[in-house]
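Q: This is the structure I have questions about; it appears just below.
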Amino acid sequence: MKSWQGNHRRIRLHEVAPRDGLQSELAFVATDRKIAFVDALSLTGVAKIEVAAFVSPRAIPSLRDADAVLAGIERRPGVVYTALVPNVRGAERAIEARADELNLVMSASESHNLSNLRMTREQSWQGLLEVARLAHGAGVAVNVSLSCAFGCPMEGDVAADTVLEWSRRFVEEAHARGVTLCDTTGMAYPSQVALLTQTFCTRWPATELTLHFHNTRGMGLANVLAAIDAGATRFDASLGGIGGCPYAPGASGNVCSEEIVHALELMGYDTGVDLDALLAISRQLPGMLGHDTPSQLVKSGQRLDLHPRPADYDAIARRALERSTGSS
Ligand code: COA
Ligand code: ZN
C-alpha cells in the first residue's frame, strides 16, 4: 500500500439525488423512471437512499408521486430507504409506504423554516415530536435533517449553540437515531465544519451524525474532508451534483456523489461504492433531466482515465532525441 493511502476508515454514502436532486427540477420525471433510477442506485453499494419526500404536492410538485415510487422500488438488503417528512401527514404517508426511516426536516434558522415549511421552528418541533412518536410506535427509525446548520441565506450566521440545542432536543427528547447537519446553500467552511462535527461527536458519540453539503461556493469536498478528520463517517451526496432547496434563495447542487467517492477511494477510505456503476448512472442523468449536470467527473473522467499522446508525438520524441544525441 502506498504511503499516502494510509486510511481505511469506512465512510457511508447516502444518495439523495432522488429527493434533494429532483425536488427543484421543473420537468416532471415520470414515476417509472424514478423507480428505475432508485433501483439502479440500490446496486451501487450506497448505504442509504433518500427515495422521496412526503411533503405537500403543492410545495414540491416534482415529488408528488412519492407513494408510488416507494411502492415500486425493489429493496436491496443492506440499503436503508429513507424519506423526507415535514409533518404528521407526511409521516403517516411514509409509514404507510414502508419507508425504513423517516427523515424529519426542519431548519436551524427561523427565516428558512418559515419560508420552507410555513411554520415557526417551535411549531415544527411540536409536529415532529408527534412524528417521532408515530415512527417509534410503528418501529420505523428516525433521523432529523437540520437545514441551514452552517448559515442561512436570509439571516447569515447561525450560532453553533442554536444548532446544538436543536440537535439535543431531537437526540435526547425525540430519541432520534441520527442527526444530519445540512449546509443548505453552501455557506459552510472547513474550520467551522470541523468544530461543529467534533463538538457533536463528543457530546453524542452513539448518535449517527451525517453531514449534508452543497457545493454552492466550491467548498463541498473540502468540507467533507474536514468533517472526516473531525470524526464524521456519514455523508449525503447527490449523483451528478444535482439538487437544492427551492425555498432557500441562492441554493444550488449537493456535493457530487461520484466526485466524493472518487476522492475518498483515492485517499484510501472504503466507501463500499462501485464508482464505475455510479458513473454509468450519472451519465444517464442529462437524458432523464433534459439538462447537463455539474459532475466534474462525468466531464473529465477519473484521475487515471488517460488521454492519447499527440498525433505527432513520435516525431517530436525523435527530434528531441536527435537534438540531445547531436549535442553530446
Ligand atoms: N403530504 C401531502 N399533503 C400535505 C402534506 C403532506 N405531508 N402536508 C400538508 N399537505 C396538504 C394538506 O392536506 C393541505 O391540502 P388541501 O389544501 O388540499 O387541504 C395542504 O397541503 C396545505 O396543508 P397545510 O398543513 O396548511 O400546509 P402548508 O400549506 O402550511 O404547508 C408544509 C406546510 C410543511 C406541508 C409545506 O410547506 C411543505 O410540504 N414543505 C416542504 C418543502 C420542501 O420539501 N422543501 C425542500 C426540502 S428542504
Ligand atoms: Zn440539501
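Within each chain, counting starts at residue 1; across the C-alpha cells, chains are named A, B, ... in the order shown, with ligands numbered 1 upward in that order.
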Could you pull out the alpha helix (DSSP H) residues of range 74-194 of chain A, going by DSSP on the backbone, and write them as a PDB file with C-alpha atoms, in the first residue's frame?

A:
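Written file, selection_5.pdb:
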```pdb
ATOM      1  CA  VAL A  88     -47.636  14.310  10.749  1.00  0.00           C
ATOM      2  CA  ARG A  89     -49.434  13.942   7.399  1.00  0.00           C
ATOM      3  CA  GLY A  90     -46.096  13.178   5.762  1.00  0.00           C
ATOM      4  CA  ALA A  91     -45.225  10.675   8.495  1.00  0.00           C
ATOM      5  CA  GLU A  92     -48.477   8.797   8.026  1.00  0.00           C
ATOM      6  CA  ARG A  93     -47.863   8.578   4.281  1.00  0.00           C
ATOM      7  CA  ALA A  94     -44.226   7.489   4.718  1.00  0.00           C
ATOM      8  CA  ILE A  95     -45.084   4.793   7.265  1.00  0.00           C
ATOM      9  CA  GLU A  96     -47.890   3.534   5.010  1.00  0.00           C
ATOM     10  CA  GLU A 110     -36.317  30.717  11.760  1.00  0.00           C
ATOM     11  CA  SER A 111     -36.430  32.557   8.403  1.00  0.00           C
ATOM     12  CA  HIS A 112     -35.717  29.427   6.388  1.00  0.00           C
ATOM     13  CA  ASN A 113     -38.107  27.302   8.447  1.00  0.00           C
ATOM     14  CA  LEU A 114     -40.916  29.788   7.793  1.00  0.00           C
ATOM     15  CA  SER A 115     -40.044  30.102   4.082  1.00  0.00           C
ATOM     16  CA  ASN A 116     -39.682  26.369   3.510  1.00  0.00           C
ATOM     17  CA  LEU A 117     -42.195  24.819   5.879  1.00  0.00           C
ATOM     18  CA  ARG A 121     -39.348  26.324  14.446  1.00  0.00           C
ATOM     19  CA  GLU A 122     -41.352  25.700  17.630  1.00  0.00           C
ATOM     20  CA  GLN A 123     -44.382  24.677  15.554  1.00  0.00           C
ATOM     21  CA  SER A 124     -42.201  22.336  13.510  1.00  0.00           C
ATOM     22  CA  TRP A 125     -40.747  20.883  16.714  1.00  0.00           C
ATOM     23  CA  GLN A 126     -44.189  20.169  18.206  1.00  0.00           C
ATOM     24  CA  GLY A 127     -45.267  18.428  14.994  1.00  0.00           C
ATOM     25  CA  LEU A 128     -42.036  16.498  14.660  1.00  0.00           C
ATOM     26  CA  LEU A 129     -42.218  15.270  18.269  1.00  0.00           C
ATOM     27  CA  GLU A 130     -45.533  13.709  17.308  1.00  0.00           C
ATOM     28  CA  VAL A 131     -43.940  12.349  14.107  1.00  0.00           C
ATOM     29  CA  ALA A 132     -41.176  10.722  16.165  1.00  0.00           C
ATOM     30  CA  ARG A 133     -43.775   9.135  18.461  1.00  0.00           C
ATOM     31  CA  LEU A 134     -45.647   7.756  15.445  1.00  0.00           C
ATOM     32  CA  ALA A 135     -42.440   6.401  13.922  1.00  0.00           C
ATOM     33  CA  HIS A 136     -41.274   4.743  17.129  1.00  0.00           C
ATOM     34  CA  GLY A 137     -44.727   3.217  17.589  1.00  0.00           C
ATOM     35  CA  ALA A 160     -23.393  26.720  16.739  1.00  0.00           C
ATOM     36  CA  ASP A 161     -25.231  26.746  20.088  1.00  0.00           C
ATOM     37  CA  THR A 162     -28.548  27.023  18.256  1.00  0.00           C
ATOM     38  CA  VAL A 163     -27.691  24.031  16.060  1.00  0.00           C
ATOM     39  CA  LEU A 164     -26.515  22.036  19.086  1.00  0.00           C
ATOM     40  CA  GLU A 165     -29.671  22.867  21.047  1.00  0.00           C
ATOM     41  CA  TRP A 166     -31.934  21.632  18.226  1.00  0.00           C
ATOM     42  CA  SER A 167     -29.716  18.543  17.918  1.00  0.00           C
ATOM     43  CA  ARG A 168     -30.068  17.973  21.674  1.00  0.00           C
ATOM     44  CA  PRO A 190     -13.887  23.650   6.685  1.00  0.00           C
ATOM     45  CA  SER A 191     -12.792  25.031  10.086  1.00  0.00           C
ATOM     46  CA  GLN A 192     -16.432  25.679  11.042  1.00  0.00           C
ATOM     47  CA  VAL A 193     -17.378  22.163   9.928  1.00  0.00           C
ATOM     48  CA  ALA A 194     -14.527  20.635  11.954  1.00  0.00           C
TER      49      ALA A 194
END
```

Q: As number ranges by chain, please: every protein or nucleic acid residue near ligand 1 (cut-off 9 Å, counting only C-alpha atoms and all ligand atoms).

A: A: 19-20, 23-24, 53-60, 63-64, 84-94, 105-107, 113-119, 124, 145-147, 184, 244-248

Q: Could you find all residues in range 74-310 of chain A that DSSP calls strand (DSSP E) from the backbone, and write them as a ChimeraX atom specification?

A: /A:80-85,101-107,141-147,178-183,208-213,234-237

Q: Can those selected residues be exported to a file as a short mmCIF file (atom, residue, chain, number, x, y, z; two decimals), in the first residue's frame so that it contains C-alpha atoms?

A:
```
data_model
loop_
_atom_site.label_atom_id
_atom_site.label_comp_id
_atom_site.auth_asym_id
_atom_site.auth_seq_id
_atom_site.Cartn_x
_atom_site.Cartn_y
_atom_site.Cartn_z
CA VAL A 80 -31.72 1.92 4.10
CA TYR A 81 -34.62 3.52 2.20
CA THR A 82 -35.40 6.84 3.82
CA ALA A 83 -37.90 9.61 3.03
CA LEU A 84 -38.17 13.27 3.99
CA VAL A 85 -41.07 14.13 6.30
CA GLU A 101 -36.55 5.60 8.11
CA LEU A 102 -38.35 8.91 8.44
CA ASN A 103 -36.01 11.81 7.77
CA LEU A 104 -37.66 14.62 9.72
CA VAL A 105 -36.88 18.07 8.40
CA MET A 106 -36.73 21.48 9.98
CA SER A 107 -34.40 24.41 9.80
CA ALA A 141 -36.20 4.65 12.55
CA VAL A 142 -35.97 8.42 12.97
CA ASN A 143 -33.35 10.78 11.59
CA VAL A 144 -33.62 14.55 11.55
CA SER A 145 -32.16 16.86 8.94
CA LEU A 146 -31.44 20.34 10.30
CA SER A 147 -31.33 22.76 7.37
CA GLY A 178 -29.42 10.18 13.73
CA VAL A 179 -28.96 13.86 13.02
CA THR A 180 -27.98 15.34 9.65
CA LEU A 181 -26.41 18.78 9.71
CA CYS A 182 -27.30 20.37 6.39
CA ASP A 183 -25.44 23.15 4.64
CA GLU A 208 -25.41 8.70 13.84
CA LEU A 209 -24.13 12.03 12.56
CA THR A 210 -24.45 12.77 8.85
CA LEU A 211 -23.12 15.84 7.04
CA HIS A 212 -25.02 17.24 4.07
CA PHE A 213 -23.12 19.75 1.98
CA ARG A 234 -21.61 9.52 7.00
CA PHE A 235 -22.31 11.89 4.14
CA ASP A 236 -25.25 12.81 1.97
CA ALA A 237 -24.33 13.36 -1.66
#
```

Q: Which of these, A:Glu50, A:Glu258, A:Asp314, A:Asp39, has the shortest distance to His14 in chain A once you count only C-alpha atoms?

A: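 For His14 in chain A, the nearest of the candidates is A:Glu50.
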
Q: Rounded to one decimal place, report the CA of Leu41 in chain A-CA of Leu278 in chain A distance in Å.

A: 7.3 Å

Q: Which residues of range 165-276 of chain A have any atom within 7 Å of an atom in range 295-298 of chain A when counting only C-alpha atoms, and what is the closest pair of atoms for each, with the distance in Å to one decimal? Order the rows by chain and rising number and write it as a tab-separated table.

A:
```
residue	atom	partner	partner_atom	distance
A:Gly240	CA	A:Ser295	CA	4.6
A:Gly241	CA	A:Ser295	CA	5.6
A:Cys256	CA	A:Ser295	CA	6.3
A:Glu258	CA	A:Leu297	CA	6.9
A:Glu259	CA	A:Leu297	CA	6.1
```

Q: Could you check the closest approach to Val69 in chain A for each of A:Ile35, A:Val158, A:Ile49, A:Leu43 and tell me which residue wins, using only C-alpha atoms?

A: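 Closest candidate: A:Ile35.
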
Q: So, with only C-alpha atoms as the atoms that count, which of A:Asp157, A:Val38, A:Thr44, A:His8 lies closest to Arg75 in chain A?

A: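 Among the listed residues, A:Val38 lies closest to Arg75 in chain A.
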
Q: Suppose you want the space between CA of Glu155 in chain A and CA of Leu22 in chain A; what is it in Å?

A: 26.1 Å

Q: For Ser300 in chain A, which residue out of A:Pro61, A:Gln284, A:Met154, A:Leu279 is the nearest one, using only C-alpha atoms?

A: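 Closest to Ser300 in chain A of all the choices is A:Leu279.
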
Q: My list of candidates is A:Cys148, A:Ala40, A:Leu195, A:Ala159. Which is closest to Ala277 in chain A when distances are computed with only C-alpha atoms?

A: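 Distance minimum relative to Ala277 in chain A lands on A:Ala40.
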
Q: For ligand 2, which residue out of A:Arg9, A:His214, A:His291, A:Arg319 is the nearest one, using only C-alpha atoms and all ligand atoms?

A: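 Closest to ligand 2, using only C-alpha atoms and all ligand atoms: A:His214.
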
Q: I'd like the neighbourhood of Pro205 in chain A as a PDB file with N, CA, C and O atoms, in the first residue's frame, where a residue qualifies if any of its atoms comes within 12 Å (using only C-alpha atoms), though same-chain residues fewer than 3 positions away should be ignored.

A:
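Result file follows (around.pdb):
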```pdb
ATOM      1  N   VAL A 171     -32.127  14.422  19.738  1.00  0.00           N
ATOM      2  CA  VAL A 171     -31.446  13.224  20.258  1.00  0.00           C
ATOM      3  C   VAL A 171     -32.040  12.817  21.606  1.00  0.00           C
ATOM      4  O   VAL A 171     -32.404  11.654  21.817  1.00  0.00           O
ATOM      5  N   ARG A 177     -32.418   8.474  16.023  1.00  0.00           N
ATOM      6  CA  ARG A 177     -31.231   7.634  15.859  1.00  0.00           C
ATOM      7  C   ARG A 177     -30.085   8.447  15.261  1.00  0.00           C
ATOM      8  O   ARG A 177     -28.913   8.215  15.533  1.00  0.00           O
ATOM      9  N   GLY A 178     -30.461   9.421  14.414  1.00  0.00           N
ATOM     10  CA  GLY A 178     -29.421  10.183  13.731  1.00  0.00           C
ATOM     11  C   GLY A 178     -29.809  11.630  13.507  1.00  0.00           C
ATOM     12  O   GLY A 178     -30.993  11.993  13.510  1.00  0.00           O
ATOM     13  N   VAL A 179     -28.779  12.441  13.335  1.00  0.00           N
ATOM     14  CA  VAL A 179     -28.964  13.858  13.021  1.00  0.00           C
ATOM     15  C   VAL A 179     -28.124  14.167  11.783  1.00  0.00           C
ATOM     16  O   VAL A 179     -26.964  13.749  11.698  1.00  0.00           O
ATOM     17  N   THR A 197     -18.585  19.403  14.001  1.00  0.00           N
ATOM     18  CA  THR A 197     -18.540  17.937  13.933  1.00  0.00           C
ATOM     19  C   THR A 197     -17.922  17.365  15.209  1.00  0.00           C
ATOM     20  O   THR A 197     -18.462  16.437  15.822  1.00  0.00           O
ATOM     21  N   GLN A 198     -16.782  17.948  15.589  1.00  0.00           N
ATOM     22  CA  GLN A 198     -16.076  17.487  16.787  1.00  0.00           C
ATOM     23  C   GLN A 198     -16.961  17.617  18.029  1.00  0.00           C
ATOM     24  O   GLN A 198     -17.068  16.694  18.831  1.00  0.00           O
ATOM     25  N   THR A 199     -17.612  18.765  18.155  1.00  0.00           N
ATOM     26  CA  THR A 199     -18.467  19.004  19.322  1.00  0.00           C
ATOM     27  C   THR A 199     -19.613  18.005  19.350  1.00  0.00           C
ATOM     28  O   THR A 199     -19.924  17.419  20.390  1.00  0.00           O
ATOM     29  N   PHE A 200     -20.243  17.793  18.186  1.00  0.00           N
ATOM     30  CA  PHE A 200     -21.374  16.863  18.118  1.00  0.00           C
ATOM     31  C   PHE A 200     -20.917  15.446  18.499  1.00  0.00           C
ATOM     32  O   PHE A 200     -21.547  14.779  19.328  1.00  0.00           O
ATOM     33  N   CYS A 201     -19.814  15.003  17.907  1.00  0.00           N
ATOM     34  CA  CYS A 201     -19.336  13.617  18.140  1.00  0.00           C
ATOM     35  C   CYS A 201     -18.954  13.410  19.609  1.00  0.00           C
ATOM     36  O   CYS A 201     -19.137  12.323  20.156  1.00  0.00           O
ATOM     37  N   THR A 202     -18.408  14.440  20.237  1.00  0.00           N
ATOM     38  CA  THR A 202     -18.033  14.324  21.647  1.00  0.00           C
ATOM     39  C   THR A 202     -19.276  14.259  22.523  1.00  0.00           C
ATOM     40  O   THR A 202     -19.355  13.473  23.460  1.00  0.00           O
ATOM     41  N   GLU A 208     -25.940   8.679  15.209  1.00  0.00           N
ATOM     42  CA  GLU A 208     -25.414   8.698  13.838  1.00  0.00           C
ATOM     43  C   GLU A 208     -25.413  10.136  13.322  1.00  0.00           C
ATOM     44  O   GLU A 208     -26.472  10.720  13.126  1.00  0.00           O
ATOM     45  N   LEU A 209     -24.226  10.673  13.110  1.00  0.00           N
ATOM     46  CA  LEU A 209     -24.125  12.030  12.562  1.00  0.00           C
ATOM     47  C   LEU A 209     -23.864  11.946  11.055  1.00  0.00           C
ATOM     48  O   LEU A 209     -22.973  11.236  10.609  1.00  0.00           O
ATOM     49  N   GLY A 231     -14.092  13.377  12.714  1.00  0.00           N
ATOM     50  CA  GLY A 231     -14.776  12.195  13.259  1.00  0.00           C
ATOM     51  C   GLY A 231     -16.021  11.733  12.530  1.00  0.00           C
ATOM     52  O   GLY A 231     -16.617  10.726  12.902  1.00  0.00           O
ATOM     53  N   ALA A 232     -16.448  12.440  11.485  1.00  0.00           N
ATOM     54  CA  ALA A 232     -17.678  12.044  10.776  1.00  0.00           C
ATOM     55  C   ALA A 232     -17.420  10.866   9.845  1.00  0.00           C
ATOM     56  O   ALA A 232     -16.317  10.728   9.294  1.00  0.00           O
ATOM     57  N   THR A 233     -18.438  10.023   9.673  1.00  0.00           N
ATOM     58  CA  THR A 233     -18.283   8.871   8.774  1.00  0.00           C
ATOM     59  C   THR A 233     -19.460   8.723   7.797  1.00  0.00           C
ATOM     60  O   THR A 233     -19.492   7.780   7.021  1.00  0.00           O
TER      61      THR A 233
END
```

Q: Write out as a PDB file with all heavy atoms, in the first residue's frame which residues come within 9 Å of Thr31 in chain A when counting only C-alpha atoms, dropping same-chain ones fewer than 2 positions away.

A:
```
ATOM      1  N   PHE A  28     -41.197  17.231 -14.910  1.00  0.00           N
ATOM      2  CA  PHE A  28     -41.544  16.090 -14.050  1.00  0.00           C
ATOM      3  C   PHE A  28     -40.885  14.820 -14.596  1.00  0.00           C
ATOM      4  O   PHE A  28     -40.999  14.495 -15.773  1.00  0.00           O
ATOM      5  CB  PHE A  28     -43.066  15.927 -14.028  1.00  0.00           C
ATOM      6  CG  PHE A  28     -43.534  14.864 -13.077  1.00  0.00           C
ATOM      7  CD1 PHE A  28     -43.494  15.070 -11.707  1.00  0.00           C
ATOM      8  CD2 PHE A  28     -43.990  13.641 -13.558  1.00  0.00           C
ATOM      9  CE1 PHE A  28     -43.926  14.090 -10.821  1.00  0.00           C
ATOM     10  CE2 PHE A  28     -44.429  12.652 -12.679  1.00  0.00           C
ATOM     11  CZ  PHE A  28     -44.391  12.879 -11.314  1.00  0.00           C
ATOM     12  N   VAL A  29     -40.163  14.133 -13.717  1.00  0.00           N
ATOM     13  CA  VAL A  29     -39.575  12.843 -14.098  1.00  0.00           C
ATOM     14  C   VAL A  29     -40.629  11.774 -13.831  1.00  0.00           C
ATOM     15  O   VAL A  29     -41.146  11.669 -12.708  1.00  0.00           O
ATOM     16  CB  VAL A  29     -38.290  12.562 -13.291  1.00  0.00           C
ATOM     17  CG1 VAL A  29     -37.741  11.178 -13.604  1.00  0.00           C
ATOM     18  CG2 VAL A  29     -37.236  13.639 -13.569  1.00  0.00           C
ATOM     19  N   ARG A  33     -39.506   6.055 -14.298  1.00  0.00           N
ATOM     20  CA  ARG A  33     -38.084   6.418 -14.430  1.00  0.00           C
ATOM     21  C   ARG A  33     -37.466   6.647 -13.057  1.00  0.00           C
ATOM     22  O   ARG A  33     -36.318   6.301 -12.808  1.00  0.00           O
ATOM     23  CB  ARG A  33     -37.919   7.680 -15.289  1.00  0.00           C
ATOM     24  CG  ARG A  33     -38.220   7.434 -16.757  1.00  0.00           C
ATOM     25  CD  ARG A  33     -37.739   8.567 -17.611  1.00  0.00           C
ATOM     26  NE  ARG A  33     -36.336   8.366 -18.003  1.00  0.00           N
ATOM     27  CZ  ARG A  33     -35.747   9.055 -18.973  1.00  0.00           C
ATOM     28  NH1 ARG A  33     -36.412   9.966 -19.637  1.00  0.00           N
ATOM     29  NH2 ARG A  33     -34.478   8.834 -19.268  1.00  0.00           N
ATOM     30  N   LYS A  34     -38.236   7.241 -12.146  1.00  0.00           N
ATOM     31  CA  LYS A  34     -37.733   7.432 -10.776  1.00  0.00           C
ATOM     32  C   LYS A  34     -37.460   6.069 -10.130  1.00  0.00           C
ATOM     33  O   LYS A  34     -36.436   5.870  -9.469  1.00  0.00           O
ATOM     34  CB  LYS A  34     -38.747   8.207  -9.928  1.00  0.00           C
ATOM     35  CG  LYS A  34     -38.847   9.691 -10.246  1.00  0.00           C
ATOM     36  CD  LYS A  34     -39.802  10.347  -9.263  1.00  0.00           C
ATOM     37  CE  LYS A  34     -39.968  11.836  -9.525  1.00  0.00           C
ATOM     38  NZ  LYS A  34     -41.371  12.248  -9.622  1.00  0.00           N
ATOM     39  N   ILE A  35     -38.396   5.143 -10.325  1.00  0.00           N
ATOM     40  CA  ILE A  35     -38.243   3.815  -9.729  1.00  0.00           C
ATOM     41  C   ILE A  35     -36.992   3.130 -10.301  1.00  0.00           C
ATOM     42  O   ILE A  35     -36.179   2.571  -9.554  1.00  0.00           O
ATOM     43  CB  ILE A  35     -39.515   2.969  -9.974  1.00  0.00           C
ATOM     44  CG1 ILE A  35     -40.685   3.564  -9.165  1.00  0.00           C
ATOM     45  CG2 ILE A  35     -39.287   1.500  -9.616  1.00  0.00           C
ATOM     46  CD1 ILE A  35     -42.053   2.983  -9.518  1.00  0.00           C
ATOM     47  N   ALA A  36     -36.834   3.204 -11.622  1.00  0.00           N
ATOM     48  CA  ALA A  36     -35.654   2.589 -12.251  1.00  0.00           C
ATOM     49  C   ALA A  36     -34.369   3.248 -11.743  1.00  0.00           C
ATOM     50  O   ALA A  36     -33.343   2.574 -11.539  1.00  0.00           O
ATOM     51  CB  ALA A  36     -35.756   2.715 -13.772  1.00  0.00           C
ATOM     52  N   ASP A  65     -45.355  12.074  -6.552  1.00  0.00           N
ATOM     53  CA  ASP A  65     -45.621  10.635  -6.688  1.00  0.00           C
ATOM     54  C   ASP A  65     -44.836   9.796  -5.671  1.00  0.00           C
ATOM     55  O   ASP A  65     -44.569   8.611  -5.905  1.00  0.00           O
ATOM     56  CB  ASP A  65     -45.287  10.178  -8.117  1.00  0.00           C
ATOM     57  CG  ASP A  65     -43.855  10.535  -8.519  1.00  0.00           C
ATOM     58  OD1 ASP A  65     -43.167  11.247  -7.741  1.00  0.00           O
ATOM     59  OD2 ASP A  65     -43.419  10.113  -9.598  1.00  0.00           O
ATOM     60  N   ALA A  66     -44.484  10.396  -4.526  1.00  0.00           N
ATOM     61  CA  ALA A  66     -43.650   9.696  -3.528  1.00  0.00           C
ATOM     62  C   ALA A  66     -44.214   8.324  -3.149  1.00  0.00           C
ATOM     63  O   ALA A  66     -43.464   7.340  -3.062  1.00  0.00           O
ATOM     64  CB  ALA A  66     -43.508  10.558  -2.280  1.00  0.00           C
ATOM     65  N   ALA A  68     -46.125   6.252  -4.842  1.00  0.00           N
ATOM     66  CA  ALA A  68     -45.966   5.278  -5.928  1.00  0.00           C
ATOM     67  C   ALA A  68     -44.503   4.866  -6.095  1.00  0.00           C
ATOM     68  O   ALA A  68     -44.204   3.701  -6.390  1.00  0.00           O
ATOM     69  CB  ALA A  68     -46.500   5.868  -7.226  1.00  0.00           C
ATOM     70  N   VAL A  69     -43.585   5.810  -5.886  1.00  0.00           N
ATOM     71  CA  VAL A  69     -42.157   5.476  -6.024  1.00  0.00           C
ATOM     72  C   VAL A  69     -41.753   4.477  -4.937  1.00  0.00           C
ATOM     73  O   VAL A  69     -41.134   3.442  -5.229  1.00  0.00           O
ATOM     74  CB  VAL A  69     -41.280   6.755  -5.970  1.00  0.00           C
ATOM     75  CG1 VAL A  69     -39.800   6.386  -5.982  1.00  0.00           C
ATOM     76  CG2 VAL A  69     -41.606   7.680  -7.137  1.00  0.00           C
ATOM     77  N   GLY A  72     -43.007   1.083  -5.704  1.00  0.00           N
ATOM     78  CA  GLY A  72     -42.482   0.407  -6.895  1.00  0.00           C
ATOM     79  C   GLY A  72     -41.044  -0.070  -6.812  1.00  0.00           C
ATOM     80  O   GLY A  72     -40.623  -0.925  -7.590  1.00  0.00           O
TER      81      GLY A  72
END
```
